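Report on one structure; see the data block that follows.
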Amino acid sequence: MPNLPDVVLWSIPAFVLLTVVEIVTVRLHPDEEQAGYDTKDAATSVTMGIGSLGFDFLWKIPVVAVYTLAYELTPLRVPVLWWTVPLVLLAQDFFYYWSHRGHHVIRTLWACHVVHHSSRRFNLTTALRQPWTSLTSWPFYLPLILLGVHPAVLAFCSSVNLVYQFGIHTERIGRLPRPVEFLFNTPSHHRVHHASQGGYLDRNFGGILIVWDRLFGSFAAETVRPVYGLTKNIETYNPLRVATHEYAAIARDVRAATTWRERAGRVFRGPGWSPDPLDPPAATAPAAAPLAPEATR
């Protein structure tokens, strides 16, 4: 068993300190063009984050079992060395890109991920607004296990990716130097990802690196001020409803569907898919038009 640190646990004091610093700067130097903080919204985000810790522990039990079985069956082994771990982190970030993209263009996956986009604010507490149904991500990383990556190493790299992304959920940092903006996911790039308008929809899926978006045609630069949230926002701060509202919407749409084709489409196609292109979209998610032409929201 590789002896790797729990980077999320060790980062909690930094999360708290940075959030306090951001709140203080917003209060002392407010910017009318920034969404800033709302007490109820921030409280909901923190509650979602705390809840996700408990639910993630439960979901990890079957995932660890599957990963362990796959690791034991594969003849391949990636040694845990000082130079292999960064390579695994690079590979994990690549598969994270596809997992993230998939969670935007397949409605059942979006029902999990929509939680993270449900805030109309964009600050460090938004990073904590995590889903309670995160069992949907594990298949995307199974190839790494089959290639011989130890499950503990994958967990470590996933944690590093998660900790990195905490810091890019802020409006208090503008554009960074051009080489950084070209290679890495930055606050500017991630503000675009959380926006709900026009050409910003379903863009910038990268975790640590933004080069995947540049390579696979999903990159958009920040040009106009983003409007955060969903194209049809939810009017609730109830954590349970935030966690489940899209699943409830899917169930309503499936019940109302008149054909099996429509039922399958409501579940497996884009979040705004409709059997008739003239029908209004049924989902609360941003559109996936650049990536899935039939999906509009």
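The way I read the labels, and the way they are meant: chains A, B, ... in the order of the structure tokens, residue 1 as the first residue of every chain, and ligand 1 as the first ligand shown, with later ones counted on from there.
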From a DSSP calculation on the backbone, collect every residue of region 134-218 of chain A in alpha helix (DSSP H) and output the set as a PyMOL selection string. chain A and resi 138-146+151-166+178-183+187-193+211-216
Closest-contact table, region 211-238 of chain A side, partner region 36-43 of chain A, 12 Å, counting only C-alpha atoms, as a tab-separated table:
```
residue	atom	partner	partner_atom	distance
A:Tyr228	CA	A:Gly36	CA	11.2
A:Gly229	CA	A:Asp41	CA	11.7
A:Ile234	CA	A:Asp41	CA	11.9
A:Glu235	CA	A:Asp41	CA	10.9
A:Thr236	CA	A:Asp41	CA	9.3
A:Tyr237	CA	A:Asp41	CA	6.7
A:Asn238	CA	A:Lys40	CA	9.7
```
Residues at most 9 Å from region 60-70 of chain A, counting only C-alpha atoms, excluding those fewer than 6 positions away in the same chain, as a count of residues only? 7
Shell of 9 Å around Arg175 (chain A), only C-alpha atoms, local chain residues under 2 positions omitted, as a compact mmCIF listing (two decimals) with C-alpha atoms, in the first residue's frame:
```txt
# COMPACT_ATOMS: atom_id res chain seq x y z
CA ILE A 173 -8.08 37.03 -9.07
CA PRO A 177 0.48 35.68 -16.90
CA ARG A 178 -0.11 34.39 -20.42
CA GLU A 181 -3.34 30.99 -18.69
CA THR A 186 -7.19 29.44 -13.80
CA PRO A 187 -9.90 31.49 -12.06
CA SER A 188 -10.57 33.25 -15.37
CA HIS A 189 -11.08 29.97 -17.23
```
Identify, on the basis of only C-alpha atoms, every residue whose closest approach to region 211-226 of chain A does not exceed 10 Å; exclude the query and any residue fewer than 6 positions from it along the same chain; express the result as a PyMOL selection string. chain A and resi 33-35+93-95+97-98+101+122+175+181-185+187-205+290-291
Here is a test: counting only C-alpha atoms, which residue of A:Ala249, A:Leu209, A:Leu162, A:Leu144 is nearest to Thr74 (chain A)?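 Checking each of A:Ala249, A:Leu209, A:Leu162, A:Leu144 against Thr74 (chain A), counting only C-alpha atoms, the winner is A:Leu144.
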Fewer than 3 positions away in the same chain doesn't count, so skip those; otherwise give me all residues within 6 Å of region 77-90 of chain A, counting only C-alpha atoms, as a list in words.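 My reading of the contact set: Asp93, Gly148, Val149 and Cys157 of chain A.
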Restricting to only C-alpha atoms, whichever of A:Ile250, A:Ser11, A:His113, A:Trp132 is closest to Arg269 (chain A) is A:Ile250
In terms of the shortest atom-to-atom distance over only C-alpha atoms, which of A:Leu147, A:Val163, A:Val153, A:Val114 is closest to Gly207 (chain A)? A:Val163
What's around Leu109 (chain A) at 12 Å? Count only C-alpha atoms, leave out sequence neighbours fewer than 3 positions away in its own chain, and write the answer as an NGL selection string. :A and (99-106 or 112-115 or 131 or 133-140 or 246-247 or 250 or 266-271 or 285)
Create the file for the chosen residues now, containing N, CA and C atoms and written as a PDB file, in the first residue's frame.
```
ATOM      1  N   SER A  99     -14.380  12.785 -17.844  1.00  0.00           N
ATOM      2  CA  SER A  99     -15.434  12.586 -16.857  1.00  0.00           C
ATOM      3  C   SER A  99     -16.265  13.857 -16.701  1.00  0.00           C
ATOM      4  N   HIS A 100     -15.595  14.981 -16.582  1.00  0.00           N
ATOM      5  CA  HIS A 100     -16.273  16.259 -16.400  1.00  0.00           C
ATOM      6  C   HIS A 100     -17.126  16.595 -17.621  1.00  0.00           C
ATOM      7  N   ARG A 101     -16.573  16.374 -18.785  1.00  0.00           N
ATOM      8  CA  ARG A 101     -17.317  16.644 -20.016  1.00  0.00           C
ATOM      9  C   ARG A 101     -18.540  15.730 -20.125  1.00  0.00           C
ATOM     10  N   GLY A 102     -18.340  14.455 -19.789  1.00  0.00           N
ATOM     11  CA  GLY A 102     -19.459  13.521 -19.823  1.00  0.00           C
ATOM     12  C   GLY A 102     -20.569  13.905 -18.869  1.00  0.00           C
ATOM     13  N   HIS A 103     -20.194  14.485 -17.720  1.00  0.00           N
ATOM     14  CA  HIS A 103     -21.196  14.878 -16.733  1.00  0.00           C
ATOM     15  C   HIS A 103     -21.969  16.136 -17.154  1.00  0.00           C
ATOM     16  N   HIS A 104     -21.565  16.744 -18.250  1.00  0.00           N
ATOM     17  CA  HIS A 104     -22.311  17.883 -18.781  1.00  0.00           C
ATOM     18  C   HIS A 104     -23.210  17.504 -19.953  1.00  0.00           C
ATOM     19  N   VAL A 105     -22.931  16.392 -20.623  1.00  0.00           N
ATOM     20  CA  VAL A 105     -23.654  16.081 -21.859  1.00  0.00           C
ATOM     21  C   VAL A 105     -24.539  14.847 -21.746  1.00  0.00           C
ATOM     22  N   ILE A 106     -24.505  14.153 -20.618  1.00  0.00           N
ATOM     23  CA  ILE A 106     -25.401  13.018 -20.374  1.00  0.00           C
ATOM     24  C   ILE A 106     -26.246  13.369 -19.154  1.00  0.00           C
ATOM     25  N   CYS A 112     -26.058  14.529 -11.196  1.00  0.00           N
ATOM     26  CA  CYS A 112     -25.093  14.553 -10.098  1.00  0.00           C
ATOM     27  C   CYS A 112     -24.336  15.873 -10.086  1.00  0.00           C
ATOM     28  N   HIS A 113     -23.806  16.260 -11.227  1.00  0.00           N
ATOM     29  CA  HIS A 113     -22.883  17.400 -11.288  1.00  0.00           C
ATOM     30  C   HIS A 113     -23.575  18.750 -11.203  1.00  0.00           C
ATOM     31  N   VAL A 114     -24.868  18.803 -11.522  1.00  0.00           N
ATOM     32  CA  VAL A 114     -25.593  20.076 -11.523  1.00  0.00           C
ATOM     33  C   VAL A 114     -25.511  20.769 -10.170  1.00  0.00           C
ATOM     34  N   VAL A 115     -25.359  19.986  -9.111  1.00  0.00           N
ATOM     35  CA  VAL A 115     -25.241  20.554  -7.762  1.00  0.00           C
ATOM     36  C   VAL A 115     -24.144  21.610  -7.719  1.00  0.00           C
ATOM     37  N   PRO A 131     -21.650  17.296  -4.972  1.00  0.00           N
ATOM     38  CA  PRO A 131     -22.819  16.405  -5.015  1.00  0.00           C
ATOM     39  C   PRO A 131     -22.759  15.333  -3.937  1.00  0.00           C
ATOM     40  N   THR A 133     -24.137  12.336  -4.757  1.00  0.00           N
ATOM     41  CA  THR A 133     -24.356  11.112  -5.539  1.00  0.00           C
ATOM     42  C   THR A 133     -23.183  10.868  -6.482  1.00  0.00           C
ATOM     43  N   SER A 134     -21.962  10.982  -5.969  1.00  0.00           N
ATOM     44  CA  SER A 134     -20.771  10.982  -6.823  1.00  0.00           C
ATOM     45  C   SER A 134     -20.319   9.597  -7.262  1.00  0.00           C
ATOM     46  N   LEU A 135     -21.216   8.637  -7.247  1.00  0.00           N
ATOM     47  CA  LEU A 135     -20.876   7.287  -7.701  1.00  0.00           C
ATOM     48  C   LEU A 135     -20.719   7.217  -9.217  1.00  0.00           C
ATOM     49  N   THR A 136     -21.023   8.297  -9.918  1.00  0.00           N
ATOM     50  CA  THR A 136     -21.056   8.276 -11.386  1.00  0.00           C
ATOM     51  C   THR A 136     -19.693   8.471 -12.038  1.00  0.00           C
ATOM     52  N   SER A 137     -18.655   8.785 -11.275  1.00  0.00           N
ATOM     53  CA  SER A 137     -17.370   9.138 -11.885  1.00  0.00           C
ATOM     54  C   SER A 137     -16.415   7.961 -12.049  1.00  0.00           C
ATOM     55  N   TRP A 138     -16.563   6.916 -11.252  1.00  0.00           N
ATOM     56  CA  TRP A 138     -15.534   5.884 -11.195  1.00  0.00           C
ATOM     57  C   TRP A 138     -15.250   5.183 -12.527  1.00  0.00           C
ATOM     58  N   PRO A 139     -16.240   4.934 -13.429  1.00  0.00           N
ATOM     59  CA  PRO A 139     -15.899   4.219 -14.663  1.00  0.00           C
ATOM     60  C   PRO A 139     -14.874   4.949 -15.533  1.00  0.00           C
ATOM     61  N   PHE A 140     -14.839   6.270 -15.450  1.00  0.00           N
ATOM     62  CA  PHE A 140     -13.923   7.035 -16.299  1.00  0.00           C
ATOM     63  C   PHE A 140     -12.459   6.779 -15.933  1.00  0.00           C
ATOM     64  N   GLU A 246     -32.523  17.615  -9.888  1.00  0.00           N
ATOM     65  CA  GLU A 246     -32.482  17.174 -11.286  1.00  0.00           C
ATOM     66  C   GLU A 246     -32.945  15.724 -11.430  1.00  0.00           C
ATOM     67  N   TYR A 247     -32.674  14.897 -10.430  1.00  0.00           N
ATOM     68  CA  TYR A 247     -33.213  13.535 -10.457  1.00  0.00           C
ATOM     69  C   TYR A 247     -34.742  13.584 -10.446  1.00  0.00           C
ATOM     70  N   ILE A 250     -35.893  14.533 -13.899  1.00  0.00           N
ATOM     71  CA  ILE A 250     -35.801  13.386 -14.815  1.00  0.00           C
ATOM     72  C   ILE A 250     -36.994  12.460 -14.603  1.00  0.00           C
ATOM     73  N   ARG A 266     -34.692  11.212 -22.396  1.00  0.00           N
ATOM     74  CA  ARG A 266     -34.756  12.035 -21.187  1.00  0.00           C
ATOM     75  C   ARG A 266     -33.699  11.620 -20.169  1.00  0.00           C
ATOM     76  N   VAL A 267     -33.251  10.373 -20.242  1.00  0.00           N
ATOM     77  CA  VAL A 267     -32.287   9.859 -19.267  1.00  0.00           C
ATOM     78  C   VAL A 267     -30.855   9.938 -19.783  1.00  0.00           C
ATOM     79  N   PHE A 268     -30.643   9.569 -21.053  1.00  0.00           N
ATOM     80  CA  PHE A 268     -29.285   9.355 -21.527  1.00  0.00           C
ATOM     81  C   PHE A 268     -28.772  10.401 -22.515  1.00  0.00           C
ATOM     82  N   ARG A 269     -29.643  11.275 -23.002  1.00  0.00           N
ATOM     83  CA  ARG A 269     -29.162  12.298 -23.922  1.00  0.00           C
ATOM     84  C   ARG A 269     -28.856  13.573 -23.159  1.00  0.00           C
ATOM     85  N   GLY A 270     -28.697  14.684 -23.887  1.00  0.00           N
ATOM     86  CA  GLY A 270     -28.294  15.917 -23.241  1.00  0.00           C
ATOM     87  C   GLY A 270     -29.300  16.429 -22.247  1.00  0.00           C
ATOM     88  N   PRO A 271     -28.878  17.252 -21.284  1.00  0.00           N
ATOM     89  CA  PRO A 271     -29.787  17.756 -20.253  1.00  0.00           C
ATOM     90  C   PRO A 271     -30.984  18.519 -20.786  1.00  0.00           C
ATOM     91  N   ALA A 285     -30.296  22.744 -16.879  1.00  0.00           N
ATOM     92  CA  ALA A 285     -28.857  22.816 -17.062  1.00  0.00           C
ATOM     93  C   ALA A 285     -28.489  23.706 -18.228  1.00  0.00           C
TER      94      ALA A 285
END
```
CA of Asn123 (chain A) to CA of Ser158 (chain A), distance in Å rounded to a single decimal: 21.5 Å
From the list A:Ser159, A:Ser45, A:Ser52, A:Asn233, which residue is nearest His245 (chain A) when using only C-alpha atoms?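 Nearest to His245 (chain A): A:Asn233.
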Taking the DSSP assignment computed from this structure's backbone, write out as a list in words all residues of region 66-230 of chain A that belong to strand (DSSP E or B).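 Written out, the strand (DSSP E or B) residues of region 66-230 of chain A are Phe184, Ala195, Leu209 and Tyr228 of chain A.
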File dump, residues just selected, N, CA, C and O atoms, as a PDB file, in the first residue's frame:
```
ATOM      1  N   PHE A 184      -2.646  26.182 -17.749  1.00  0.00           N
ATOM      2  CA  PHE A 184      -3.358  25.749 -16.552  1.00  0.00           C
ATOM      3  C   PHE A 184      -4.797  26.281 -16.503  1.00  0.00           C
ATOM      4  O   PHE A 184      -5.111  27.320 -17.081  1.00  0.00           O
ATOM      5  N   ALA A 195     -20.345  29.882 -15.933  1.00  0.00           N
ATOM      6  CA  ALA A 195     -21.281  30.844 -16.505  1.00  0.00           C
ATOM      7  C   ALA A 195     -22.446  30.134 -17.184  1.00  0.00           C
ATOM      8  O   ALA A 195     -22.356  28.957 -17.546  1.00  0.00           O
ATOM      9  N   LEU A 209      -5.111  21.259 -15.807  1.00  0.00           N
ATOM     10  CA  LEU A 209      -4.642  21.798 -17.091  1.00  0.00           C
ATOM     11  C   LEU A 209      -5.820  22.217 -17.962  1.00  0.00           C
ATOM     12  O   LEU A 209      -6.855  21.539 -17.992  1.00  0.00           O
ATOM     13  N   TYR A 228     -23.528  33.638 -13.386  1.00  0.00           N
ATOM     14  CA  TYR A 228     -23.361  32.306 -12.811  1.00  0.00           C
ATOM     15  C   TYR A 228     -24.698  31.630 -12.545  1.00  0.00           C
ATOM     16  O   TYR A 228     -25.740  32.269 -12.423  1.00  0.00           O
TER      17      TYR A 228
END
```
